[in-house]
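Participant: Before anything else, here's the structure in question.
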Amino acid sequence: MAKTFHLEIIATDRVFFEGEVEHLVITAIDGLLGILPGHEPLVTCLPTGELKYMVNGKWKYAAISEGFIQVMPESSIILADTCELPEEIDIKRAEAAKERAEEQLRQKQSIKEYYQTQAALNRAMNRLKISQKHFK
Ligand code: ATP
């Protein structure tokens, strides 16, 4: 049997996943980060992106928005604003959010509003990408 470690993925509104996994790959700020059982401890920020984890030899994919990960040799915890499976993503909603953000970016905004809009655009584009890539 493959070696496993315990993974918890906690989003603002739900416990997205809790269980044993064989492998985890996340988009970290400086590129892809692969976690196997026995990984050295680390804490890092997670930007909006894709994550995948392997359960019983099968990869599961998810869209994640900003958060943190704590890695320990026998467990990892991800805290994120939002997390969705590809099949949970409402494409029309993400397209509407993308159009709204693009329209707002054409308007004059404060720096704070600009960063918030850019983050909303990233979330929408990430959802569209992951839904198109993994949900057929
Ligand atoms: P919107 O403007 O459509 O609300 P948003 O990016 O501002 O998009 P978030 O604040 O990231 O939304 O998420 C709020 C909640 O809605 C979370 O529970 C998130 O998982 C869910 N959610 C947001 N967009 C989608 C989507 N396109 N499909 C499914 N769930 C979504």
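Identifiers for the structure tokens are assigned positionally: chains receive A, B, ... in sequence, residues are indexed from 1 per chain, and ligands are indexed from 1 in the order shown.
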Would you name the residues within 6 Å of ligand 1, counting only C-alpha atoms and all ligand atoms, and put them as an MDAnalysis selection string?
Facilitator: chainID A and resid 13 82:84 88:91 93:94 97 120 123:124
Participant: Do a neighbour search on region 68-80 of chain A at 9 Å with only C-alpha atoms, toss out local chain neighbours closer than 3 positions, and write the hits as a PDB file with N, CA and C atoms, in the first residue's frame.
Facilitator:
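Output file result_5.pdb follows:
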ATOM      1  N   THR A   4       0.910   7.324   2.973  1.00  0.00           N
ATOM      2  CA  THR A   4      -0.011   8.466   2.923  1.00  0.00           C
ATOM      3  C   THR A   4       0.319   9.475   4.022  1.00  0.00           C
ATOM      4  N   PHE A   5      -0.262  10.657   3.912  1.00  0.00           N
ATOM      5  CA  PHE A   5      -0.245  11.633   5.007  1.00  0.00           C
ATOM      6  C   PHE A   5      -1.637  12.252   5.111  1.00  0.00           C
ATOM      7  N   HIS A   6      -1.912  12.854   6.263  1.00  0.00           N
ATOM      8  CA  HIS A   6      -3.248  13.406   6.507  1.00  0.00           C
ATOM      9  C   HIS A   6      -3.333  14.815   5.924  1.00  0.00           C
ATOM     10  N   LEU A   7      -4.391  15.078   5.167  1.00  0.00           N
ATOM     11  CA  LEU A   7      -4.583  16.405   4.565  1.00  0.00           C
ATOM     12  C   LEU A   7      -5.933  16.973   4.990  1.00  0.00           C
ATOM     13  N   GLU A   8      -5.898  18.233   5.413  1.00  0.00           N
ATOM     14  CA  GLU A   8      -7.145  18.965   5.671  1.00  0.00           C
ATOM     15  C   GLU A   8      -7.143  20.195   4.785  1.00  0.00           C
ATOM     16  N   ILE A   9      -8.233  20.414   4.084  1.00  0.00           N
ATOM     17  CA  ILE A   9      -8.383  21.638   3.274  1.00  0.00           C
ATOM     18  C   ILE A   9      -9.618  22.351   3.805  1.00  0.00           C
ATOM     19  N   ILE A  10      -9.377  23.493   4.444  1.00  0.00           N
ATOM     20  CA  ILE A  10     -10.474  24.203   5.099  1.00  0.00           C
ATOM     21  C   ILE A  10     -10.704  25.528   4.385  1.00  0.00           C
ATOM     22  N   ALA A  11     -11.900  25.671   3.799  1.00  0.00           N
ATOM     23  CA  ALA A  11     -12.262  26.937   3.158  1.00  0.00           C
ATOM     24  C   ALA A  11     -13.084  27.749   4.153  1.00  0.00           C
ATOM     25  N   THR A  12     -13.324  29.015   3.831  1.00  0.00           N
ATOM     26  CA  THR A  12     -14.036  29.895   4.763  1.00  0.00           C
ATOM     27  C   THR A  12     -15.396  29.322   5.134  1.00  0.00           C
ATOM     28  N   GLU A  20      -6.746  10.880   4.134  1.00  0.00           N
ATOM     29  CA  GLU A  20      -5.389  10.431   3.818  1.00  0.00           C
ATOM     30  C   GLU A  20      -5.122  10.592   2.326  1.00  0.00           C
ATOM     31  N   ILE A  35       4.100  17.674  -2.446  1.00  0.00           N
ATOM     32  CA  ILE A  35       4.257  17.212  -1.067  1.00  0.00           C
ATOM     33  C   ILE A  35       3.999  15.707  -1.015  1.00  0.00           C
ATOM     34  N   LEU A  36       4.965  14.983  -0.490  1.00  0.00           N
ATOM     35  CA  LEU A  36       4.838  13.539  -0.272  1.00  0.00           C
ATOM     36  C   LEU A  36       4.944  13.270   1.235  1.00  0.00           C
ATOM     37  N   PRO A  37       4.547  12.077   1.685  1.00  0.00           N
ATOM     38  CA  PRO A  37       4.693  11.776   3.117  1.00  0.00           C
ATOM     39  C   PRO A  37       6.139  12.001   3.564  1.00  0.00           C
ATOM     40  N   GLY A  38       6.308  12.579   4.743  1.00  0.00           N
ATOM     41  CA  GLY A  38       7.647  12.803   5.281  1.00  0.00           C
ATOM     42  C   GLY A  38       8.268  14.119   4.842  1.00  0.00           C
ATOM     43  N   HIS A  39       7.485  14.979   4.180  1.00  0.00           N
ATOM     44  CA  HIS A  39       8.021  16.270   3.718  1.00  0.00           C
ATOM     45  C   HIS A  39       8.495  17.111   4.910  1.00  0.00           C
ATOM     46  N   GLU A  40       9.539  17.869   4.710  1.00  0.00           N
ATOM     47  CA  GLU A  40      10.037  18.716   5.804  1.00  0.00           C
ATOM     48  C   GLU A  40       9.007  19.818   6.121  1.00  0.00           C
ATOM     49  N   PRO A  41       8.975  20.265   7.379  1.00  0.00           N
ATOM     50  CA  PRO A  41       7.984  21.271   7.768  1.00  0.00           C
ATOM     51  C   PRO A  41       8.173  22.576   7.002  1.00  0.00           C
ATOM     52  N   LEU A  42       7.067  23.191   6.626  1.00  0.00           N
ATOM     53  CA  LEU A  42       7.113  24.526   6.014  1.00  0.00           C
ATOM     54  C   LEU A  42       5.748  25.176   6.106  1.00  0.00           C
ATOM     55  N   VAL A  43       5.761  26.499   6.050  1.00  0.00           N
ATOM     56  CA  VAL A  43       4.519  27.277   5.956  1.00  0.00           C
ATOM     57  C   VAL A  43       4.706  28.237   4.803  1.00  0.00           C
ATOM     58  N   THR A  44       3.733  28.310   3.921  1.00  0.00           N
ATOM     59  CA  THR A  44       3.858  29.251   2.808  1.00  0.00           C
ATOM     60  C   THR A  44       2.483  29.748   2.374  1.00  0.00           C
ATOM     61  N   CYS A  45       2.495  30.862   1.653  1.00  0.00           N
ATOM     62  CA  CYS A  45       1.246  31.448   1.125  1.00  0.00           C
ATOM     63  C   CYS A  45       0.850  30.723  -0.146  1.00  0.00           C
ATOM     64  N   LEU A  46      -0.438  30.651  -0.384  1.00  0.00           N
ATOM     65  CA  LEU A  46      -0.932  30.081  -1.629  1.00  0.00           C
ATOM     66  C   LEU A  46      -1.672  31.161  -2.403  1.00  0.00           C
ATOM     67  N   PRO A  47      -1.263  31.430  -3.608  1.00  0.00           N
ATOM     68  CA  PRO A  47      -2.040  32.356  -4.433  1.00  0.00           C
ATOM     69  C   PRO A  47      -3.239  31.612  -5.035  1.00  0.00           C
ATOM     70  N   ILE A  64      -8.590  26.835  -6.046  1.00  0.00           N
ATOM     71  CA  ILE A  64      -8.428  27.405  -4.704  1.00  0.00           C
ATOM     72  C   ILE A  64      -8.159  28.900  -4.848  1.00  0.00           C
ATOM     73  N   SER A  65      -8.727  29.700  -3.929  1.00  0.00           N
ATOM     74  CA  SER A  65      -8.310  31.103  -3.914  1.00  0.00           C
ATOM     75  C   SER A  65      -7.444  31.315  -2.680  1.00  0.00           C
ATOM     76  N   CYS A  83     -12.629  27.108  -2.068  1.00  0.00           N
ATOM     77  CA  CYS A  83     -12.097  25.918  -2.737  1.00  0.00           C
ATOM     78  C   CYS A  83     -13.271  25.195  -3.398  1.00  0.00           C
TER      79      CYS A  83
END
Participant: Can you list, as a list in words, every protein, DNA or RNA residue that comes within 9 Å of region 52-60 of chain A when you count only C-alpha atoms, leaving out same-chain residues fewer than 5 positions away?
Facilitator: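 The residues satisfying every condition are Ala2, Thr4, Gly19, Glu20, Val21, Glu22, His23, Leu24, Val25, Ile26 and Leu85 of chain A.
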Participant: Next, the residues of the selection above should be written as a CSV table (one decimal), in the first residue's frame with all heavy atoms.
Facilitator:
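This is the output file out-v5.csv:
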chain,number,residue,atom,x,y,z
A,2,ALA,N,0.4,2.3,-0.8
A,2,ALA,CA,1.2,3.5,-0.8
A,2,ALA,C,1.2,4.2,0.5
A,2,ALA,O,0.3,4.1,1.3
A,2,ALA,CB,0.6,4.4,-1.9
A,4,THR,N,0.9,7.3,3.0
A,4,THR,CA,0.0,8.5,2.9
A,4,THR,C,0.3,9.5,4.0
A,4,THR,O,1.1,9.2,4.9
A,4,THR,CB,-1.5,8.0,3.1
A,4,THR,OG1,-1.6,7.4,4.4
A,4,THR,CG2,-1.9,7.0,2.0
A,19,GLY,N,-8.7,13.9,4.9
A,19,GLY,CA,-8.5,12.4,4.8
A,19,GLY,C,-7.0,12.1,4.4
A,19,GLY,O,-6.2,13.0,4.5
A,20,GLU,N,-6.7,10.9,4.1
A,20,GLU,CA,-5.4,10.4,3.8
A,20,GLU,C,-5.1,10.6,2.3
A,20,GLU,O,-6.0,10.2,1.5
A,20,GLU,CB,-5.2,8.9,4.2
A,20,GLU,CG,-5.3,8.7,5.7
A,20,GLU,CD,-4.2,9.3,6.5
A,20,GLU,OE1,-3.0,9.2,6.1
A,20,GLU,OE2,-4.5,10.0,7.5
A,21,VAL,N,-4.0,11.2,2.0
A,21,VAL,CA,-3.6,11.3,0.6
A,21,VAL,C,-2.2,10.8,0.4
A,21,VAL,O,-1.4,10.8,1.3
A,21,VAL,CB,-3.7,12.8,0.1
A,21,VAL,CG1,-5.1,13.3,0.3
A,21,VAL,CG2,-2.7,13.7,0.8
A,22,GLU,N,-1.9,10.4,-0.9
A,22,GLU,CA,-0.6,9.9,-1.2
A,22,GLU,C,0.4,11.0,-1.7
A,22,GLU,O,1.6,10.9,-1.6
A,22,GLU,CB,-0.7,8.9,-2.3
A,22,GLU,CG,-1.3,7.6,-1.8
A,22,GLU,CD,-2.4,7.1,-2.8
A,22,GLU,OE1,-2.2,7.0,-4.0
A,22,GLU,OE2,-3.5,6.8,-2.3
A,23,HIS,N,-0.2,12.1,-2.3
A,23,HIS,CA,0.6,13.1,-2.9
A,23,HIS,C,-0.3,14.4,-3.0
A,23,HIS,O,-1.5,14.3,-3.2
A,23,HIS,CB,0.9,12.6,-4.3
A,23,HIS,CG,2.1,13.3,-5.0
A,23,HIS,ND1,2.6,12.9,-6.2
A,23,HIS,CD2,2.7,14.5,-4.7
A,23,HIS,CE1,3.6,13.7,-6.5
A,23,HIS,NE2,3.7,14.7,-5.6
A,24,LEU,N,0.3,15.5,-2.8
A,24,LEU,CA,-0.4,16.8,-3.0
A,24,LEU,C,0.5,17.7,-3.8
A,24,LEU,O,1.7,17.8,-3.6
A,24,LEU,CB,-0.6,17.4,-1.6
A,24,LEU,CG,-1.0,18.9,-1.5
A,24,LEU,CD1,-2.4,19.1,-2.0
A,24,LEU,CD2,-0.9,19.4,-0.1
A,25,VAL,N,-0.1,18.4,-4.8
A,25,VAL,CA,0.6,19.4,-5.6
A,25,VAL,C,-0.2,20.7,-5.6
A,25,VAL,O,-1.3,20.7,-5.9
A,25,VAL,CB,0.8,18.9,-7.1
A,25,VAL,CG1,1.6,19.9,-7.9
A,25,VAL,CG2,1.6,17.6,-7.1
A,26,ILE,N,0.5,21.7,-5.2
A,26,ILE,CA,-0.2,23.0,-5.1
A,26,ILE,C,0.6,24.1,-5.9
A,26,ILE,O,1.8,23.9,-6.1
A,26,ILE,CB,-0.3,23.5,-3.6
A,26,ILE,CG1,1.1,23.4,-2.9
A,26,ILE,CG2,-1.3,22.8,-2.9
A,26,ILE,CD1,1.1,24.0,-1.6
A,85,LEU,N,-14.4,22.0,-6.3
A,85,LEU,CA,-14.1,20.9,-7.3
A,85,LEU,C,-14.5,21.4,-8.7
A,85,LEU,O,-15.4,22.3,-8.8
A,85,LEU,CB,-15.0,19.7,-7.0
A,85,LEU,CG,-14.7,18.9,-5.7
A,85,LEU,CD1,-15.8,17.9,-5.4
A,85,LEU,CD2,-13.4,18.2,-5.8
Participant: From a DSSP calculation on the backbone, collect every residue of chain A in alpha helix (DSSP H) and output the set as a PyMOL selection string.
Facilitator: chain A and resi 91-106+111-134
Participant: Based on DSSP run over this structure's backbone, return all residues of region 53-101 of chain A in strand (DSSP E), as a count of residues only.
Facilitator: 24
Participant: When distances are computed from only C-alpha atoms, which of A:Val15, A:Leu33, A:Ala62, A:Ala28 shows the smallest separation from Ser131 (chain A)?
Facilitator: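 Between A:Val15, A:Leu33, A:Ala62, A:Ala28, the residue approaching Ser131 (chain A) most closely is A:Ala62.
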Participant: Between CA of Ile29 (chain A) and CA of Leu128 (chain A), what distance in Å does the model show, to one decimal?
Facilitator: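 About the pair CA of Ile29 (chain A) and CA of Leu128 (chain A): they are 20.3 Å apart.
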Participant: Hey, can you check how far CA of Thr27 (chain A) sits from CA of Ala63 (chain A)?
Facilitator: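 Here the two named atoms are 10.4 Å from each other.
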Participant: Closest to Tyr114 (chain A) among A:Phe135, A:Leu32, A:Ala101, A:Lys3, using only C-alpha atoms?
Facilitator: A:Ala101
